[in-house]
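Remarks on the structure that follows.
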Amino acid sequence: TYNNQSGQISCKACDEGTFQKEKGQTSCDICLSGTYADKTGYEECIDCPYRLSSAEGSSICSLCAQKFYLNDVSAAIDGNEIFHDPFAYCLDCPPIGVSCETNATLSKLHVQSGYWRHSNKTSTIYHCRSISNICIGSDDGKNSKQDGNFGDVYCEEGHRGPLCEVCIDDDFYFSEIDGKCINCQSLTVVGMKLVYIILGASVLTTTGLILVTKYGFVTYCSDLVSTLSLQAKMKLLVSFCQILSSFEDVYGVKLDGSLTSWVHLFSFLNFDFFQMIGRA
């Protein structure tokens, strides 16, 4: 209670959302966040029930506490529903990819960088597998959007779709090696590569003919290959690289990058005709 007028013979009861436990005071203190006073005359505020919180000076706990989120925004209109059944309205924050501060809602969950979700109506969070961090997460401004392509707001510019692995521009394709959308090669670049291949083949052919006619180089190389069994060793190496690169797609096993990064040295052996002519 408190007395704020001279000549007043009795004390007044503190209003809801406030308290005062000291005698002779002229005002009441406001309940801190996370506490409430639902009646007048409280000497101390009451802690909010589990899963719930409140703003300062509240007479009811109508907010979901930290590490929980409100799954039904319409219920926020009537805080009594949340207060009387917190387990139905305030759900556990997803275990990965998001942070739930006090008063978090399903539509405004803060998705962290490297994670993605399909829309603002789901709490299912996916870890992006890309190595280039094209899943940029979200902020409050983006979370307020509610359209058919909502999941795209978690993607870096130029990317969209599940896990941000779909390219917006038709002239780009998603590269598994680079982990992002890259520009398809133009016909000029393809033509230059073909010219280089033809020139290289011509040089090797000419060099081979000179060595054969002058030094009997073919016989020497044939003997060397037979002695070292290079053909068999090369077949084993190529087969090993093929199996290693298919582990994740076929068996769902993702190997450490330090083990597989050197396999990219042999990427030049992959001759993708459709990629060369600009088809993603």
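Labels for the structure tokens follow display order: chains A, B, ..., residues from 1 in each chain, ligands from 1.
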
- Task: Pick out the residues sitting within 9 Å of A:Gly179, and hand them over as an MDAnalysis selection string; count only C-alpha atoms, and ignore anything fewer than 6 positions along from it in its own chain.
- Result: chainID A and resid 129:134 165

- Task: Taking the chain letters and numbering used in this document, name the residues of stretch 38-100 of chain A that DSSP puts in alpha helix (DSSP H), as a PyMOL selection string.
- Result: chain A and resi 79-84+86-89

Write the selection just made, keeping N, CA, C and O atoms, as a PDB file, in the first residue's frame?
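Result file follows (part.pdb):
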```
ATOM      1  N   GLY A  79      -4.763 -12.687 -23.773  1.00  0.00           N
ATOM      2  CA  GLY A  79      -3.677 -13.287 -23.013  1.00  0.00           C
ATOM      3  C   GLY A  79      -4.124 -14.319 -22.017  1.00  0.00           C
ATOM      4  O   GLY A  79      -3.319 -15.155 -21.578  1.00  0.00           O
ATOM      5  N   ASN A  80      -5.402 -14.326 -21.652  1.00  0.00           N
ATOM      6  CA  ASN A  80      -5.893 -15.308 -20.685  1.00  0.00           C
ATOM      7  C   ASN A  80      -5.762 -16.733 -21.216  1.00  0.00           C
ATOM      8  O   ASN A  80      -5.506 -17.665 -20.450  1.00  0.00           O
ATOM      9  N   GLU A  81      -5.944 -16.901 -22.525  1.00  0.00           N
ATOM     10  CA  GLU A  81      -5.839 -18.240 -23.108  1.00  0.00           C
ATOM     11  C   GLU A  81      -4.421 -18.778 -22.935  1.00  0.00           C
ATOM     12  O   GLU A  81      -4.226 -19.944 -22.583  1.00  0.00           O
ATOM     13  N   ILE A  82      -3.439 -17.935 -23.209  1.00  0.00           N
ATOM     14  CA  ILE A  82      -2.048 -18.355 -23.068  1.00  0.00           C
ATOM     15  C   ILE A  82      -1.715 -18.615 -21.605  1.00  0.00           C
ATOM     16  O   ILE A  82      -1.051 -19.593 -21.270  1.00  0.00           O
ATOM     17  N   PHE A  83      -2.196 -17.740 -20.730  1.00  0.00           N
ATOM     18  CA  PHE A  83      -1.881 -17.852 -19.311  1.00  0.00           C
ATOM     19  C   PHE A  83      -2.429 -19.148 -18.710  1.00  0.00           C
ATOM     20  O   PHE A  83      -1.756 -19.802 -17.900  1.00  0.00           O
ATOM     21  N   HIS A  84      -3.611 -19.551 -19.112  1.00  0.00           N
ATOM     22  CA  HIS A  84      -4.255 -20.721 -18.521  1.00  0.00           C
ATOM     23  C   HIS A  84      -3.840 -22.036 -19.189  1.00  0.00           C
ATOM     24  O   HIS A  84      -4.076 -23.108 -18.627  1.00  0.00           O
ATOM     25  N   PRO A  86      -0.389 -22.681 -21.040  1.00  0.00           N
ATOM     26  CA  PRO A  86       0.892 -22.351 -21.687  1.00  0.00           C
ATOM     27  C   PRO A  86       1.493 -23.504 -22.485  1.00  0.00           C
ATOM     28  O   PRO A  86       2.190 -23.277 -23.475  1.00  0.00           O
ATOM     29  N   PHE A  87       1.234 -24.740 -22.093  1.00  0.00           N
ATOM     30  CA  PHE A  87       1.813 -25.880 -22.805  1.00  0.00           C
ATOM     31  C   PHE A  87       1.193 -26.056 -24.189  1.00  0.00           C
ATOM     32  O   PHE A  87       1.797 -26.668 -25.071  1.00  0.00           O
ATOM     33  N   ALA A  88      -0.004 -25.526 -24.371  1.00  0.00           N
ATOM     34  CA  ALA A  88      -0.660 -25.636 -25.674  1.00  0.00           C
ATOM     35  C   ALA A  88      -0.213 -24.538 -26.627  1.00  0.00           C
ATOM     36  O   ALA A  88      -0.176 -24.745 -27.847  1.00  0.00           O
ATOM     37  N   TYR A  89       0.150 -23.373 -26.099  1.00  0.00           N
ATOM     38  CA  TYR A  89       0.474 -22.229 -26.946  1.00  0.00           C
ATOM     39  C   TYR A  89       1.963 -21.937 -27.033  1.00  0.00           C
ATOM     40  O   TYR A  89       2.443 -21.496 -28.078  1.00  0.00           O
TER      41      TYR A  89
END
```

- Query: Near A:Ile46, counting only C-alpha atoms, which residues have an atom at most 7 Å away, once you skip same-chain residues fewer than 3 positions from it, shown as a VMD selection string?
  - Reply: chain A and resid 35 to 37

Using the selection just defined, write its residues with all heavy atoms as a CSV table (one decimal), in the first residue's frame.
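Saved to again.csv:
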```csv
chain,number,residue,atom,x,y,z
A,35,THR,N,7.4,-11.1,-14.2
A,35,THR,CA,6.5,-11.2,-13.0
A,35,THR,C,5.2,-10.5,-13.3
A,35,THR,O,5.1,-9.8,-14.3
A,35,THR,CB,7.2,-10.6,-11.8
A,35,THR,OG1,7.4,-9.2,-12.0
A,35,THR,CG2,8.6,-11.2,-11.5
A,36,TYR,N,4.2,-10.7,-12.4
A,36,TYR,CA,2.9,-10.1,-12.6
A,36,TYR,C,2.2,-9.9,-11.2
A,36,TYR,O,2.6,-10.5,-10.2
A,36,TYR,CB,2.1,-10.9,-13.5
A,36,TYR,CG,1.5,-12.2,-12.9
A,36,TYR,CD1,0.2,-12.3,-12.5
A,36,TYR,CD2,2.3,-13.3,-12.7
A,36,TYR,CE1,-0.3,-13.5,-11.9
A,36,TYR,CE2,1.9,-14.5,-12.2
A,36,TYR,CZ,0.5,-14.5,-11.8
A,36,TYR,OH,0.0,-15.7,-11.2
A,37,ALA,N,1.2,-9.0,-11.2
A,37,ALA,CA,0.4,-8.8,-10.1
A,37,ALA,C,-1.1,-8.7,-10.6
A,37,ALA,O,-1.4,-7.7,-11.2
A,37,ALA,CB,0.7,-7.6,-9.3
```

- Task: Excluding A:Gly34 and any residue of its chain fewer than 5 positions from it, enumerate the residues within 8 Å of it, using only C-alpha atoms, and give them as an MDAnalysis selection string.
- Result: chainID A and resid 47:48 52:56 61

Those residues with C-alpha atoms, as a PDB file, in the first residue's frame please?
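Result file is selection_27.pdb:
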```pdb
ATOM      1  CA  ASP A  47       6.902 -15.036 -10.934  1.00  0.00           C
ATOM      2  CA  CYS A  48       5.356 -16.095 -14.237  1.00  0.00           C
ATOM      3  CA  LEU A  52       5.560 -17.782 -19.747  1.00  0.00           C
ATOM      4  CA  SER A  53       6.886 -14.266 -19.324  1.00  0.00           C
ATOM      5  CA  SER A  54       5.511 -10.721 -19.208  1.00  0.00           C
ATOM      6  CA  ALA A  55       6.307  -7.097 -19.897  1.00  0.00           C
ATOM      7  CA  GLU A  56       6.954  -4.639 -17.088  1.00  0.00           C
ATOM      8  CA  CYS A  61       1.741 -13.398 -18.086  1.00  0.00           C
TER       9      CYS A  61
END
```

- Query: Any idea what's packed within 6 Å of A:Gly97, counting only C-alpha atoms, ignoring anything in its chain fewer than 6 positions away? Could you give it as a PyMOL selection string?
  - Reply: chain A and resi 111-112+115

- Task: Would you list the contacts of stretch 116-119 of chain A as a VMD selection string, taking every protein, DNA or RNA residue within 12 Å and counting only C-alpha atoms, but skipping same-chain residues closer than 2 positions in sequence?
- Result: chain A and resid 94 96 to 98 106 to 114 121 to 130 133 to 138 142 to 156 160 to 165

- Task: Have a look at atom CA of A:Glu43 and atom CA of A:Phe19 and let me know their distance in Å, one decimal.
- Result: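 These atoms are spaced 5.1 Å apart.
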
- Query: What separation in Å, quoted to one decimal, exists between atom CA of A:Pro95 and atom CA of A:Phe68?
  - Reply: 10.8 Å

- Message: Quick check, in Å to one decimal: how far apart do atom CA of A:Tyr173 and atom CA of A:Ser246 lie?
- Response: 20.1 Å

- Return as a ChimeraX atom specification the full set of residues in stretch 23-213 of chain A whose backbone-based DSSP assignment is strand (DSSP E or B). /A:29-30,35-36,46-47,52-53,63-64,68-70,90-92,98-99,105,110-111,115-116,126-127,135,155,159-160,166-167,172-175,180-183

Emit the selected residues as a PDB file, in the first residue's frame, including C-alpha atoms.
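Heads up, here's the output in result-v3.pdb:
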```
ATOM      1  CA  ASP A  29       6.845  -0.036  -7.822  1.00  0.00           C
ATOM      2  CA  ILE A  30       6.172  -1.594 -11.211  1.00  0.00           C
ATOM      3  CA  THR A  35       6.523 -11.233 -13.002  1.00  0.00           C
ATOM      4  CA  TYR A  36       2.923 -10.065 -12.587  1.00  0.00           C
ATOM      5  CA  ILE A  46       4.498 -13.221  -8.630  1.00  0.00           C
ATOM      6  CA  ASP A  47       6.902 -15.036 -10.934  1.00  0.00           C
ATOM      7  CA  LEU A  52       5.560 -17.782 -19.747  1.00  0.00           C
ATOM      8  CA  SER A  53       6.886 -14.266 -19.324  1.00  0.00           C
ATOM      9  CA  LEU A  63       4.114 -13.800 -23.457  1.00  0.00           C
ATOM     10  CA  CYS A  64       6.091 -16.929 -24.215  1.00  0.00           C
ATOM     11  CA  PHE A  68       9.798 -20.990 -26.372  1.00  0.00           C
ATOM     12  CA  TYR A  69       7.657 -19.610 -29.193  1.00  0.00           C
ATOM     13  CA  LEU A  70       3.961 -18.807 -29.636  1.00  0.00           C
ATOM     14  CA  CYS A  90       4.139 -21.859 -25.962  1.00  0.00           C
ATOM     15  CA  LEU A  91       6.102 -24.643 -27.642  1.00  0.00           C
ATOM     16  CA  ASP A  92       9.769 -25.600 -27.310  1.00  0.00           C
ATOM     17  CA  VAL A  98      16.864 -20.656 -34.633  1.00  0.00           C
ATOM     18  CA  SER A  99      16.902 -18.509 -31.510  1.00  0.00           C
ATOM     19  CA  THR A 105       6.228 -16.270 -32.499  1.00  0.00           C
ATOM     20  CA  HIS A 110      14.957 -15.840 -36.212  1.00  0.00           C
ATOM     21  CA  VAL A 111      16.537 -18.367 -38.595  1.00  0.00           C
ATOM     22  CA  TYR A 115      19.788 -22.854 -42.058  1.00  0.00           C
ATOM     23  CA  TRP A 116      16.542 -22.768 -44.052  1.00  0.00           C
ATOM     24  CA  TYR A 126      16.916 -27.648 -42.228  1.00  0.00           C
ATOM     25  CA  HIS A 127      20.695 -27.399 -42.174  1.00  0.00           C
ATOM     26  CA  CYS A 135      21.525 -19.785 -46.729  1.00  0.00           C
ATOM     27  CA  CYS A 155      18.597 -17.362 -49.565  1.00  0.00           C
ATOM     28  CA  HIS A 159      19.222 -18.384 -55.199  1.00  0.00           C
ATOM     29  CA  ARG A 160      15.844 -19.800 -54.211  1.00  0.00           C
ATOM     30  CA  VAL A 166      17.786 -23.445 -57.236  1.00  0.00           C
ATOM     31  CA  CYS A 167      19.116 -20.674 -59.473  1.00  0.00           C
ATOM     32  CA  PHE A 172      23.130 -19.983 -64.139  1.00  0.00           C
ATOM     33  CA  TYR A 173      23.270 -23.512 -62.756  1.00  0.00           C
ATOM     34  CA  PHE A 174      23.909 -24.859 -59.262  1.00  0.00           C
ATOM     35  CA  SER A 175      27.411 -26.274 -58.925  1.00  0.00           C
ATOM     36  CA  LYS A 180      26.407 -21.985 -55.349  1.00  0.00           C
ATOM     37  CA  CYS A 181      24.941 -20.839 -58.653  1.00  0.00           C
ATOM     38  CA  ILE A 182      27.555 -20.040 -61.273  1.00  0.00           C
ATOM     39  CA  ASN A 183      27.252 -18.631 -64.761  1.00  0.00           C
TER      40      ASN A 183
END
```
